[in-house]
file data.cif (mmCIF, C-alpha atoms)
data_input
loop_
_atom_site.label_atom_id
_atom_site.label_comp_id
_atom_site.auth_asym_id
_atom_site.auth_seq_id
_atom_site.Cartn_x
_atom_site.Cartn_y
_atom_site.Cartn_z
CA MET A 9 -51.89 63.17 -13.50
CA GLU A 10 -51.21 65.54 -16.38
CA LEU A 11 -49.93 68.97 -15.30
CA ARG A 12 -52.22 71.92 -15.84
CA HIS A 13 -51.58 75.62 -15.41
CA PHE A 14 -54.00 78.37 -14.49
CA LYS A 15 -53.19 81.32 -16.76
CA SER A 16 -56.40 83.30 -16.80
CA LEU A 17 -58.52 85.27 -14.40
CA ALA A 18 -61.34 82.86 -15.01
CA ALA A 19 -59.15 79.98 -13.96
CA SER A 20 -58.06 81.90 -10.88
CA GLY A 21 -61.69 82.46 -9.99
CA ALA A 22 -62.37 78.76 -10.36
CA LEU A 23 -59.45 78.06 -8.05
CA LEU A 24 -60.93 80.28 -5.36
CA ALA A 25 -64.37 78.71 -5.82
CA ALA A 26 -62.83 75.30 -5.29
CA GLY A 27 -61.59 76.37 -1.87
CA VAL A 28 -57.91 76.74 -2.74
CA ALA A 29 -56.21 80.02 -1.83
CA ASN A 30 -55.22 82.46 -4.53
CA THR A 31 -52.09 84.01 -3.06
CA GLY A 32 -51.24 86.37 -5.89
CA HIS A 33 -48.08 84.43 -6.74
CA ALA A 34 -47.57 82.13 -9.67
CA SER A 35 -48.63 78.60 -8.88
CA ALA A 36 -45.98 75.95 -8.54
CA THR A 37 -46.12 73.11 -11.00
CA GLU A 38 -45.72 70.64 -8.15
CA LEU A 39 -45.43 70.32 -4.39
CA THR A 40 -43.59 67.63 -2.45
CA LEU A 41 -45.17 66.29 0.72
CA CYS A 42 -42.98 64.34 3.12
CA TRP A 43 -44.34 61.73 5.54
CA ALA A 44 -43.80 58.20 6.75
CA ALA A 45 -44.36 55.21 4.47
CA TRP A 46 -47.51 53.51 5.79
CA ASP A 47 -51.11 52.84 4.82
CA PRO A 48 -52.41 56.33 5.76
CA ALA A 49 -49.89 57.88 3.39
CA ASN A 50 -51.29 55.79 0.55
CA ALA A 51 -54.78 56.99 1.47
CA LEU A 52 -53.56 60.60 1.40
CA VAL A 53 -52.22 60.12 -2.12
CA GLU A 54 -55.71 59.13 -3.25
CA LEU A 55 -57.37 61.93 -1.30
CA SER A 56 -54.99 64.52 -2.74
CA LYS A 57 -56.08 63.80 -6.29
CA ASP A 58 -58.95 66.16 -5.49
CA PHE A 59 -56.46 68.94 -4.72
CA GLU A 60 -54.56 68.23 -7.92
CA ALA A 61 -57.77 68.41 -9.95
CA LYS A 62 -58.89 71.68 -8.35
CA SER A 63 -55.55 73.46 -8.25
CA GLY A 64 -53.64 72.16 -11.24
CA ILE A 65 -50.69 71.52 -8.93
CA LYS A 66 -49.17 68.07 -9.09
CA MET A 67 -48.39 66.41 -5.77
CA LYS A 68 -45.16 64.49 -5.30
CA TYR A 69 -44.40 62.44 -2.22
CA GLU A 70 -41.37 61.42 -0.21
CA PHE A 71 -42.45 58.60 2.10
CA VAL A 72 -39.84 57.05 4.41
CA PRO A 73 -40.28 53.81 6.42
CA TRP A 74 -40.96 54.48 10.10
CA PRO A 75 -37.65 53.14 11.46
CA ASN A 76 -35.79 55.69 9.29
CA PHE A 77 -38.41 58.44 9.22
CA ALA A 78 -37.13 60.62 12.06
CA ASP A 79 -33.46 60.46 11.06
CA ARG A 80 -34.21 61.16 7.42
CA MET A 81 -36.65 64.02 7.91
CA LEU A 82 -34.96 65.68 10.87
CA ASN A 83 -31.75 65.72 8.84
CA GLU A 84 -33.69 67.34 6.02
CA LEU A 85 -35.05 70.03 8.35
CA ASN A 86 -31.77 70.61 10.16
CA SER A 87 -29.84 71.00 6.93
CA GLY A 88 -32.30 73.49 5.45
CA GLY A 89 -33.01 71.14 2.58
CA LYS A 90 -35.58 72.02 -0.05
CA LEU A 91 -36.92 68.53 -0.74
CA CYS A 92 -40.12 69.00 1.26
CA ASP A 93 -42.66 71.77 0.80
CA LEU A 94 -45.09 70.17 3.23
CA MET A 95 -44.07 68.02 6.19
CA ILE A 96 -46.30 65.74 8.20
CA GLY A 97 -43.89 65.52 11.09
CA ASP A 98 -44.13 63.70 14.38
CA SER A 99 -45.72 65.48 17.32
CA GLN A 100 -42.44 65.53 19.27
CA TRP A 101 -40.67 67.55 16.57
CA ILE A 102 -42.80 70.65 16.98
CA GLY A 103 -40.63 72.37 19.59
CA GLY A 104 -37.38 72.05 17.68
CA ALA A 105 -38.96 72.91 14.33
CA ALA A 106 -40.55 76.03 15.81
CA GLU A 107 -37.53 77.29 17.73
CA ASN A 108 -35.13 76.56 14.89
CA GLY A 109 -37.25 78.31 12.28
CA GLN A 110 -37.89 75.15 10.26
CA TYR A 111 -41.69 75.43 10.10
CA VAL A 112 -43.73 78.45 9.02
CA LYS A 113 -45.83 79.93 11.83
CA LEU A 114 -49.45 79.60 10.73
CA ASN A 115 -51.35 82.03 12.98
CA ASP A 116 -51.78 84.78 10.38
CA PHE A 117 -52.73 82.27 7.70
CA PHE A 118 -55.31 80.60 9.97
CA ASP A 119 -56.79 83.99 10.87
CA LYS A 120 -56.98 85.05 7.22
CA GLU A 121 -58.62 81.84 6.07
CA GLY A 122 -60.96 81.42 9.04
CA ILE A 123 -59.32 78.17 10.18
CA LYS A 124 -59.96 77.84 13.91
CA MET A 125 -57.99 75.53 16.16
CA SER A 126 -61.08 75.25 18.36
CA ASP A 127 -62.59 73.21 15.53
CA PHE A 128 -60.08 70.40 16.16
CA ILE A 129 -59.77 67.82 18.96
CA PRO A 130 -58.05 69.75 21.77
CA ALA A 131 -55.42 67.08 22.43
CA THR A 132 -54.35 67.16 18.79
CA VAL A 133 -53.98 70.95 18.83
CA VAL A 134 -51.73 70.81 21.89
CA GLY A 135 -49.87 67.76 20.64
CA TYR A 136 -49.42 68.51 16.95
CA ALA A 137 -49.70 72.26 16.48
CA GLU A 138 -48.68 74.33 19.52
CA TRP A 139 -45.31 75.59 20.65
CA PRO A 140 -44.83 76.51 23.39
CA LYS A 141 -47.41 74.03 24.62
CA ASN A 142 -50.71 75.51 25.78
CA SER A 143 -50.01 78.78 24.00
CA PRO A 144 -51.83 80.11 20.91
CA ASN A 145 -48.81 79.73 18.65
CA TYR A 146 -49.45 77.32 15.80
CA TRP A 147 -46.92 75.63 13.55
CA ALA A 148 -49.07 72.89 12.04
CA LEU A 149 -52.63 71.85 11.27
CA PRO A 150 -53.69 68.60 13.00
CA ALA A 151 -53.49 66.07 10.20
CA PHE A 152 -53.69 62.55 11.57
CA GLY A 153 -55.03 61.73 15.01
CA ASP A 154 -53.43 58.63 16.50
CA VAL A 155 -53.04 56.98 19.87
CA VAL A 156 -51.84 53.69 21.31
CA GLY A 157 -54.65 51.25 22.02
CA TRP A 158 -55.38 47.56 21.85
CA SER A 159 -56.98 45.04 19.55
CA TYR A 160 -57.94 41.56 20.74
CA ARG A 161 -59.18 38.25 19.42
CA LYS A 162 -62.86 38.70 20.09
CA ASP A 163 -63.59 35.28 18.60
CA TRP A 164 -61.20 33.56 21.01
CA PHE A 165 -62.67 35.43 23.98
CA ALA A 166 -66.14 34.21 22.98
CA ARG A 167 -65.34 30.48 22.98
CA PRO A 168 -67.48 28.77 25.65
CA GLU A 169 -64.73 26.43 26.82
CA LEU A 170 -62.26 29.29 27.26
CA GLN A 171 -64.89 31.41 28.98
CA ALA A 172 -65.57 28.61 31.45
CA GLU A 173 -61.89 27.92 32.15
CA PHE A 174 -61.07 31.59 32.62
CA LYS A 175 -63.99 32.19 34.99
CA SER A 176 -63.04 29.14 37.02
CA LYS A 177 -59.49 30.42 37.38
CA TYR A 178 -60.02 34.17 37.83
CA GLY A 179 -63.60 34.46 39.07
CA ARG A 180 -64.71 36.83 36.31
CA ASP A 181 -65.70 36.69 32.67
CA LEU A 182 -63.11 36.62 29.91
CA ALA A 183 -63.78 40.12 28.62
CA VAL A 184 -62.13 43.41 27.70
CA PRO A 185 -59.81 44.30 30.62
CA LYS A 186 -60.67 47.33 32.73
CA THR A 187 -57.25 47.44 34.41
CA PHE A 188 -53.71 46.54 33.47
CA ALA A 189 -53.79 43.83 36.12
CA GLU A 190 -56.71 42.23 34.30
CA LEU A 191 -54.89 42.61 30.98
CA LYS A 192 -51.91 40.70 32.35
CA ASP A 193 -54.20 37.92 33.62
CA ILE A 194 -55.62 37.56 30.11
CA ALA A 195 -52.18 37.57 28.52
CA GLU A 196 -50.99 34.87 30.92
CA PHE A 197 -54.13 32.84 30.26
CA PHE A 198 -53.42 32.70 26.53
CA GLN A 199 -49.64 32.35 26.76
CA LYS A 200 -48.53 29.09 25.07
CA ARG A 201 -52.13 27.92 24.80
CA GLU A 202 -53.11 25.71 21.89
CA ILE A 203 -55.94 27.09 19.75
CA ASP A 204 -57.03 25.30 16.59
CA GLY A 205 -53.89 23.18 16.70
CA LYS A 206 -51.55 26.16 16.93
CA THR A 207 -49.57 27.45 19.91
CA VAL A 208 -50.51 31.07 20.63
CA TYR A 209 -49.21 33.73 22.99
CA GLY A 210 -50.52 36.48 25.21
CA ALA A 211 -49.57 39.92 23.94
CA ALA A 212 -47.56 41.73 21.29
CA ILE A 213 -46.09 44.89 22.86
CA TYR A 214 -43.46 47.42 21.86
CA THR A 215 -39.83 46.51 22.59
CA GLU A 216 -37.91 48.07 19.68
CA ARG A 217 -34.59 49.75 20.55
CA GLY A 218 -33.49 51.62 17.41
CA SER A 219 -36.03 54.42 17.01
CA GLU A 220 -38.81 55.05 19.56
CA GLY A 221 -40.67 51.77 20.02
CA ILE A 222 -39.99 50.72 23.59
CA THR A 223 -40.41 54.29 24.83
CA MET A 224 -43.86 54.56 23.24
CA GLY A 225 -44.83 51.21 24.76
CA ALA A 226 -43.40 51.70 28.23
CA MET A 227 -44.75 55.23 28.55
CA ASP A 228 -48.15 54.01 27.43
CA VAL A 229 -48.22 51.93 30.61
CA LEU A 230 -46.31 54.25 32.94
CA TYR A 231 -48.81 57.08 32.48
CA SER A 232 -51.61 54.99 33.96
CA PHE A 233 -49.41 54.03 36.91
CA GLY A 234 -48.74 57.68 37.82
CA PHE A 235 -45.59 58.68 35.93
CA GLU A 236 -45.06 62.43 35.53
CA TYR A 237 -42.46 64.06 33.30
CA GLN A 238 -41.80 66.91 35.71
CA ASN A 239 -43.10 68.79 38.70
CA PRO A 240 -46.33 70.43 37.46
CA ASP A 241 -45.42 73.54 39.44
CA LYS A 242 -41.74 73.69 38.50
CA PRO A 243 -40.77 72.87 34.90
CA TYR A 244 -37.78 70.58 34.39
CA GLU A 245 -37.76 69.40 38.02
CA LEU A 246 -37.56 65.67 37.38
CA GLU A 247 -36.46 64.05 40.65
CA GLY A 248 -39.36 62.36 42.39
CA TYR A 249 -41.58 62.51 39.30
CA VAL A 250 -39.84 60.59 36.51
CA ASN A 251 -38.54 58.11 39.12
CA SER A 252 -41.45 58.12 41.56
CA ALA A 253 -42.55 54.93 43.31
CA LYS A 254 -45.59 54.78 41.01
CA ALA A 255 -43.44 55.15 37.92
CA VAL A 256 -41.21 52.33 39.16
CA LYS A 257 -44.24 50.07 39.60
CA GLY A 258 -45.31 50.87 36.05
CA LEU A 259 -41.96 49.96 34.56
CA GLU A 260 -41.83 46.78 36.63
CA PHE A 261 -45.24 45.88 35.23
CA TYR A 262 -44.11 46.45 31.65
CA LYS A 263 -41.13 44.15 32.14
CA ALA A 264 -43.34 41.53 33.78
CA LEU A 265 -45.69 41.65 30.80
CA TYR A 266 -42.74 41.27 28.45
CA ASP A 267 -41.28 38.37 30.45
CA CYS A 268 -44.51 36.43 30.87
CA CYS A 269 -46.54 36.90 27.79
CA THR A 270 -44.85 37.92 24.54
CA PRO A 271 -44.19 35.68 21.52
CA PRO A 272 -40.75 34.11 21.02
CA GLY A 273 -38.18 36.52 19.60
CA HIS A 274 -40.24 39.62 20.40
CA SER A 275 -37.27 41.57 21.77
CA ASP A 276 -37.06 44.28 19.09
CA ALA A 277 -40.64 44.80 18.00
CA TYR A 278 -42.51 47.92 17.03
CA MET A 279 -45.54 48.68 14.87
CA SER A 280 -44.94 46.33 11.96
CA GLU A 281 -43.73 43.41 14.09
CA ASP A 282 -46.72 43.72 16.40
CA ILE A 283 -49.24 43.86 13.58
CA ASP A 284 -47.56 40.86 11.92
CA ALA A 285 -47.81 38.88 15.16
CA TYR A 286 -51.49 39.73 15.46
CA LYS A 287 -52.55 39.19 11.85
CA SER A 288 -50.73 35.85 11.73
CA GLY A 289 -52.77 34.60 14.68
CA GLN A 290 -49.92 34.43 17.19
CA VAL A 291 -51.36 36.59 19.96
CA ALA A 292 -54.60 37.30 21.80
CA LEU A 293 -53.76 40.94 22.59
CA HIS A 294 -52.05 43.50 20.41
CA MET A 295 -50.66 46.89 21.47
CA ASN A 296 -50.46 49.32 18.59
CA PHE A 297 -51.39 52.72 17.27
CA ALA A 298 -54.94 53.20 16.07
CA PHE A 299 -53.79 53.51 12.45
CA THR A 300 -53.55 49.70 12.37
CA TRP A 301 -57.23 49.13 13.10
CA PRO A 302 -58.66 49.68 9.59
CA GLY A 303 -56.21 47.10 8.25
CA ILE A 304 -57.12 44.65 11.00
CA ASN A 305 -60.81 45.12 10.35
CA ALA A 306 -60.31 44.38 6.64
CA ASP A 307 -57.93 41.45 7.13
CA ALA A 308 -59.09 38.05 5.88
CA ASN A 309 -57.65 36.18 8.87
CA VAL A 310 -58.51 38.40 11.84
CA GLY A 311 -60.92 41.01 10.50
CA GLY A 312 -64.62 41.64 10.94
CA GLU A 313 -66.18 40.03 14.00
CA LYS A 314 -62.96 38.16 14.83
CA SER A 315 -61.39 41.28 16.38
CA GLY A 316 -62.38 43.91 18.89
CA TYR A 317 -60.73 47.11 20.10
CA PHE A 318 -60.34 48.78 23.49
CA PRO A 319 -58.57 51.83 24.94
CA ASN A 320 -55.74 51.64 27.44
CA PRO A 321 -56.99 50.18 30.72
CA ALA A 322 -56.53 51.79 34.11
CA GLY A 323 -53.57 51.52 36.45
CA PRO A 324 -53.64 50.71 40.18
CA ASP A 325 -55.31 54.02 41.10
CA GLY A 326 -58.13 53.58 38.60
CA VAL A 327 -56.81 56.21 36.20
CA ALA A 328 -56.12 55.56 32.53
CA PHE A 329 -53.97 57.47 30.08
CA ALA A 330 -52.61 56.59 26.63
CA GLN A 331 -49.59 57.51 24.54
CA LEU A 332 -50.44 60.09 21.90
CA GLY A 333 -49.35 59.38 18.36
CA GLY A 334 -50.25 61.24 15.23
CA GLN A 335 -48.93 64.21 13.35
CA GLY A 336 -49.64 67.72 12.15
CA ILE A 337 -49.01 69.04 8.66
CA SER A 338 -46.62 71.99 8.39
CA VAL A 339 -45.21 74.25 5.71
CA VAL A 340 -41.43 73.89 5.58
CA ALA A 341 -39.73 77.26 6.00
CA ALA A 342 -37.02 76.40 3.45
CA SER A 343 -39.63 75.76 0.74
CA GLU A 344 -39.76 78.21 -2.15
CA LYS A 345 -43.42 77.27 -2.75
CA GLN A 346 -44.92 78.34 0.55
CA ASP A 347 -48.02 79.99 -0.92
CA ASP A 348 -49.05 76.85 -2.73
CA ALA A 349 -48.23 74.71 0.29
CA LEU A 350 -50.57 76.91 2.31
CA ALA A 351 -53.21 76.39 -0.39
CA TYR A 352 -52.90 72.66 0.18
CA ILE A 353 -53.43 73.11 3.93
CA LYS A 354 -56.52 75.26 3.28
CA TRP A 355 -57.89 72.54 1.02
CA PHE A 356 -57.09 69.80 3.53
CA ALA A 357 -58.80 71.66 6.39
CA GLN A 358 -62.19 71.70 4.65
CA PRO A 359 -64.84 69.65 6.50
CA ASP A 360 -65.87 67.66 3.42
CA ILE A 361 -62.23 66.74 2.74
CA GLN A 362 -61.76 65.76 6.39
CA GLN A 363 -64.85 63.55 6.18
CA LYS A 364 -63.43 61.82 3.09
CA TRP A 365 -60.09 61.47 4.94
CA TRP A 366 -61.83 59.48 7.68
CA GLN A 367 -63.73 57.35 5.18
CA MET A 368 -60.51 56.50 3.33
CA GLY A 369 -58.66 55.33 6.43
CA GLY A 370 -57.19 58.57 7.75
CA TYR A 371 -57.94 59.63 11.30
CA SER A 372 -59.41 63.10 11.06
CA ALA A 373 -58.89 65.40 14.04
CA LEU A 374 -61.70 67.75 13.02
CA ARG A 375 -64.40 67.89 15.67
CA LYS A 376 -67.16 68.22 13.07
CA VAL A 377 -66.16 64.78 11.81
CA VAL A 378 -65.53 62.94 15.07
CA GLU A 379 -68.44 64.54 16.95
CA ASP A 380 -70.95 63.70 14.25
CA PRO A 381 -73.71 61.48 15.77
CA GLY A 382 -72.91 58.72 13.32
CA PHE A 383 -69.15 58.68 13.86
CA ALA A 384 -69.01 56.30 16.83
CA THR A 385 -70.80 53.56 14.87
CA SER A 386 -69.21 54.31 11.50
CA GLN A 387 -66.48 51.72 12.10
CA PRO A 388 -66.02 48.99 14.74
CA TYR A 389 -63.04 50.88 16.18
CA ALA A 390 -64.45 54.43 16.00
CA GLN A 391 -65.67 54.58 19.61
CA THR A 392 -62.37 53.19 20.88
CA PHE A 393 -60.56 55.92 18.95
CA LEU A 394 -62.71 58.59 20.62
CA ASP A 395 -62.26 57.07 24.07
CA SER A 396 -58.51 56.80 23.57
CA MET A 397 -58.04 60.34 22.28
CA ALA A 398 -59.77 61.59 25.42
CA ILE A 399 -56.99 60.21 27.68
CA VAL A 400 -53.78 61.01 25.80
CA LYS A 401 -50.40 62.18 27.05
CA ASP A 402 -47.28 62.74 24.97
CA PHE A 403 -43.53 62.47 25.20
CA TRP A 404 -41.32 65.57 25.44
CA ALA A 405 -41.69 67.96 22.49
CA GLU A 406 -38.60 69.95 23.50
CA PRO A 407 -36.02 70.99 20.89
CA SER A 408 -33.77 68.36 22.50
CA TYR A 409 -36.42 65.70 21.84
CA ALA A 410 -34.05 63.38 19.97
CA SER A 411 -31.53 63.26 22.83
CA LEU A 412 -34.29 62.79 25.40
CA LEU A 413 -35.73 59.93 23.36
CA GLN A 414 -32.36 58.25 22.84
CA ALA A 415 -31.77 58.19 26.59
CA ALA A 416 -35.21 56.71 27.25
CA GLN A 417 -34.75 54.05 24.58
CA LYS A 418 -31.51 52.85 26.15
CA ARG A 419 -32.71 52.90 29.76
CA PHE A 420 -35.98 51.12 29.01
CA HIS A 421 -34.53 48.50 26.68
CA ASP A 422 -31.61 47.72 28.98
CA TYR A 423 -34.02 47.01 31.83
CA VAL A 424 -37.11 45.53 30.17
CA VAL A 425 -35.50 43.39 27.48
CA ALA A 426 -31.87 42.94 28.53
CA GLY A 427 -32.73 42.53 32.23
CA GLN A 428 -30.05 44.92 33.45
CA GLY A 429 -30.55 46.35 36.93
CA SER A 430 -33.89 47.32 38.43
CA ALA A 431 -36.73 49.59 37.37
CA GLN A 432 -35.57 52.06 40.01
CA ASP A 433 -32.07 52.00 38.52
CA ALA A 434 -33.46 52.62 35.03
CA LEU A 435 -35.59 55.60 36.06
CA ASP A 436 -32.92 57.07 38.34
CA GLY A 437 -30.55 56.85 35.39
CA LEU A 438 -33.12 58.50 33.15
CA VAL A 439 -33.43 61.41 35.58
CA LYS A 440 -29.65 61.87 35.38
CA ASP A 441 -29.66 61.67 31.59
CA TRP A 442 -32.52 64.11 31.13
CA THR A 443 -31.20 66.50 33.79
CA GLN A 444 -27.86 66.67 31.98
CA ILE A 445 -29.58 67.33 28.64
CA PHE A 446 -31.66 70.15 30.09
CA ASP A 447 -28.66 71.52 31.98
CA ASP A 448 -26.68 71.67 28.74
CA GLU A 449 -29.58 73.66 27.26
CA GLY A 450 -29.52 76.11 30.14
CA LYS A 451 -32.92 75.12 31.50
CA TYR A 452 -31.70 75.29 35.09
#

call {"tool": "encode", "arguments": {"input": "data.cif", "output": "structure tokens"}}
result
Amino acid sequence: MELRHFKSLAASGALLAAGVANTGHASATELTLCWAAWDPANALVELSKDFEAKSGIKMKYEFVPWPNFADRMLNELNSGGKLCDLMIGDSQWIGGAAENGQYVKLNDFFDKEGIKMSDFIPATVVGYAEWPKNSPNYWALPAFGDVVGWSYRKDWFARPELQAEFKSKYGRDLAVPKTFAELKDIAEFFQKREIDGKTVYGAAIYTERGSEGITMGAMDVLYSFGFEYQNPDKPYELEGYVNSAKAVKGLEFYKALYDCCTPPGHSDAYMSEDIDAYKSGQVALHMNFAFTWPGINADANVGGEKSGYFPNPAGPDGVAFAQLGGQGISVVAASEKQDDALAYIKWFAQPDIQQKWWQMGGYSALRKVVEDPGFATSQPYAQTFLDSMAIVKDFWAEPSYASLLQAAQKRFHDYVVAGQGSAQDALDGLVKDWTQIFDDEGKY
């Protein structure tokens, strides 16, 4: 888009009328927004053409593939780099970015512009914007709601011969699982089954070691089994919570699901590998973040009525939780274009822009969008998104997040994939790792 400059009072008035803040400073000729390289980022590029047209500010983008996203962008923040004016950073980064002065605190800006955090899905405010958690201190605007859920081959489930065989074996209909035990039965039922002349498998789950994959997958299950990060009444007391008997059962289940029911060679799989396995017709069940659902729905091989979607099922006690994904958008403290970056956030927060964001494949966290009477039926996966966002939990958002995650990745992968030791060993080891990290930080 051709660059334009607002040099007159009339133009400044038009800028305000368009809903973009006039800060009293000269407008930047361009802003750089940093995010991961994935389909939602492409949708945001299209959406942001509206901001460019209304503000005269050209948007540039630095999109990094997910496996390298955290390393690349955390290095940028930690070094005080000026590449990014706006950062759509992972939810777990919020603590470190706030305490290290890497994000601009947005409370005064929100108050000035009438942006209310009560207008957004509560889980996204806690997960993407607040630090300390559950305090009214905001470092981001919820930008992209996301959560781990499931897609499944609805067309396979509907086949009369498979329905009859499944009911004969398990005494119930082949249907969306209500519990993880039922999910495993379904995965075992499809494992190495021949469908349309092709051998298929039960489930694509997260096993990746290098970034965050297996932690996101294992935690997604452990929550529903009763895992707790710490004593609710005594922060950073981990013993008996991280490695509780219920947590051990959850990790044992995740390994059993990996051992029984994944496709060949699925030992280092995360988002892209899981979606490839599903779209290529290899698996009946597919664990992944909700951002994958629009692409599934539109896919020529598995889209439309061939696929269905469901939230995380319940654990042994009948309780269900799901791993929160998603991100907030923040103004980078090292940016020299903070006023114009704030103008972008004001534009992005508008209800009509948030509605377009949803329509274009972004997951809006604005309650006015998701609580609209027509939202649940607007897409085949919309109700599942709502149900899933109502049961979310998230990984540590501590400043030491990266070290905490690295320890979890090793412990989970060594046990689940490499078969080293027991689930109890893995979680006992994780307690030791995390305790040492917090001790080094002076938490005890």

call {"tool": "resolve_selection", "arguments": {"input": "data.cif", "expression": "the PyMOL selection byres ((chain A and resi 254) around 12)", "output": "PyMOL selection string"}}
result
chain A and resi 229-236+248-253+255-261+323-325+431-432+435

call {"tool": "resolve_selection", "arguments": {"input": "data.cif", "expression": "the PyMOL selection byres ((chain A and resi 289) around 9)", "output": "list in words"}}
result
Arg161, Lys206, Val208, Asp284, Ala285, Tyr286, Lys287, Ser288, Gln290, Val291, Ala292, Asn309 and Val310 of chain A

call {"tool": "resolve_selection", "arguments": {"input": "data.cif", "expression": "the PyMOL selection byres ((chain A and resi 185) around 10)", "output": "list in words"}}
result
Asp181, Leu182, Ala183, Val184, Lys186, Thr187, Phe188, Ala189, Glu190, Leu191, Lys192, Asp193, Ile194, Phe318, Pro319, Asn320, Pro321 and Ala322 of chain A

call {"tool": "closest_residue", "arguments": {"input": "data.cif", "among": "A:Gly157, A:Pro271, A:Pro407, A:Pro144", "to": "Ala298 of chain A", "atoms": "all atoms listed in the file"}}
result
A:Gly157

call {"tool": "residues_around", "arguments": {"input": "data.cif", "residues": "segment 97-108 of chain A", "least_positions_apart": "5", "cutoff": "6 Å", "atoms": "all atoms listed in the file", "output": "PyMOL selection string"}}
result
chain A and resi 135-136+139+335+405-407

call {"tool": "atom_distance", "arguments": {"input": "data.cif", "atom1": "atom CA of Gly316 of chain A", "atom2": "atom CA of Ala44 of chain A"}}
result
26.4 Å

call {"tool": "atom_distance", "arguments": {"input": "data.cif", "atom1": "atom CA of Asp116 of chain A", "atom2": "atom CA of Tyr69 of chain A"}}
result
26.7 Å

call {"tool": "residues_around", "arguments": {"input": "data.cif", "residues": "Glu70 of chain A", "least_positions_apart": "5", "cutoff": "8 Å", "atoms": "all atoms listed in the file", "output": "number ranges by chain"}}
result
A: 40-43, 92

call {"tool": "closest_residue", "arguments": {"input": "data.cif", "among": "A:Asp307, A:Val340, A:Tyr209, A:Asp380", "to": "Tyr111 of chain A", "atoms": "all atoms listed in the file"}}
result
A:Val340

call {"tool": "closest_residue", "arguments": {"input": "data.cif", "among": "A:Val339, A:Met279, A:Ala211, A:Ala49", "to": "Gln199 of chain A", "atoms": "all atoms listed in the file"}}
result
A:Ala211

call {"tool": "atom_distance", "arguments": {"input": "data.cif", "atom1": "atom CA of Lys66 of chain A", "atom2": "atom CA of Leu82 of chain A"}}
result
24.6 Å

call {"tool": "residues_around", "arguments": {"input": "data.cif", "residues": "Gln238 of chain A", "least_positions_apart": "5", "cutoff": "8 Å", "atoms": "only C-alpha atoms", "output": "JSON, numbers by chain"}}
result
{"A": [243, 244, 245, 246, 247, 249, 250]}

call {"tool": "residues_near_point", "arguments": {"input": "data.cif", "point": "(-60.4, 47.8, 14.1)", "cutoff": "9 Å", "atoms": "all atoms listed in the file", "output": "JSON, numbers by chain"}}
result
{"A": [159, 298, 299, 300, 301, 302, 303, 304, 305, 306, 311, 312, 315, 316, 317, 387, 388, 389, 390, 392]}

call {"tool": "closest_atom_pairs", "arguments": {"input": "data.cif", "of": "segment 22-138 of chain A", "to": "segment 146-153 of chain A", "cutoff": "7 Å", "atoms": "only C-alpha atoms", "output": "JSON lines"}}
result
{"residue": "A:Ala106", "atom": "CA", "partner": "A:Trp147", "partner_atom": "CA", "distance": 6.8}
{"residue": "A:Tyr111", "atom": "CA", "partner": "A:Trp147", "partner_atom": "CA", "distance": 6.3}
{"residue": "A:Val112", "atom": "CA", "partner": "A:Trp147", "partner_atom": "CA", "distance": 6.2}
{"residue": "A:Lys113", "atom": "CA", "partner": "A:Trp147", "partner_atom": "CA", "distance": 4.8}
{"residue": "A:Leu114", "atom": "CA", "partner": "A:Trp147", "partner_atom": "CA", "distance": 5.5}
{"residue": "A:Asn115", "atom": "CA", "partner": "A:Tyr146", "partner_atom": "CA", "distance": 5.8}
{"residue": "A:Thr132", "atom": "CA", "partner": "A:Pro150", "partner_atom": "CA", "distance": 6.0}
{"residue": "A:Val133", "atom": "CA", "partner": "A:Pro150", "partner_atom": "CA", "distance": 6.3}
{"residue": "A:Tyr136", "atom": "CA", "partner": "A:Pro150", "partner_atom": "CA", "distance": 5.8}
{"residue": "A:Ala137", "atom": "CA", "partner": "A:Ala148", "partner_atom": "CA", "distance": 4.5}
{"residue": "A:Glu138", "atom": "CA", "partner": "A:Tyr146", "partner_atom": "CA", "distance": 4.8}

call {"tool": "residues_around", "arguments": {"input": "data.cif", "residues": "Gln346 of chain A", "least_positions_apart": "3", "cutoff": "12 Å", "atoms": "all atoms listed in the file", "output": "ChimeraX atom specification"}}
result
/A:29,31,33-36,38-40,90,92-95,111-114,117,338-343,349-353

call {"tool": "residues_around", "arguments": {"input": "data.cif", "residues": "Asp79 of chain A", "least_positions_apart": "5", "cutoff": "12 Å", "atoms": "all atoms listed in the file", "output": "MDAnalysis selection string"}}
result
chainID A and resid 44 72:74 84:87 97:98 101 218:220 410

call {"tool": "closest_residue", "arguments": {"input": "data.cif", "among": "A:Ser430, A:Ser372, A:Gln331, A:Asn142", "to": "Gln358 of chain A", "atoms": "all atoms listed in the file"}}
result
A:Ser372

call {"tool": "closest_residue", "arguments": {"input": "data.cif", "among": "A:Asp228, A:Glu121, A:Asp402, A:Asp163", "to": "Asn296 of chain A", "atoms": "all atoms listed in the file"}}
result
A:Asp228
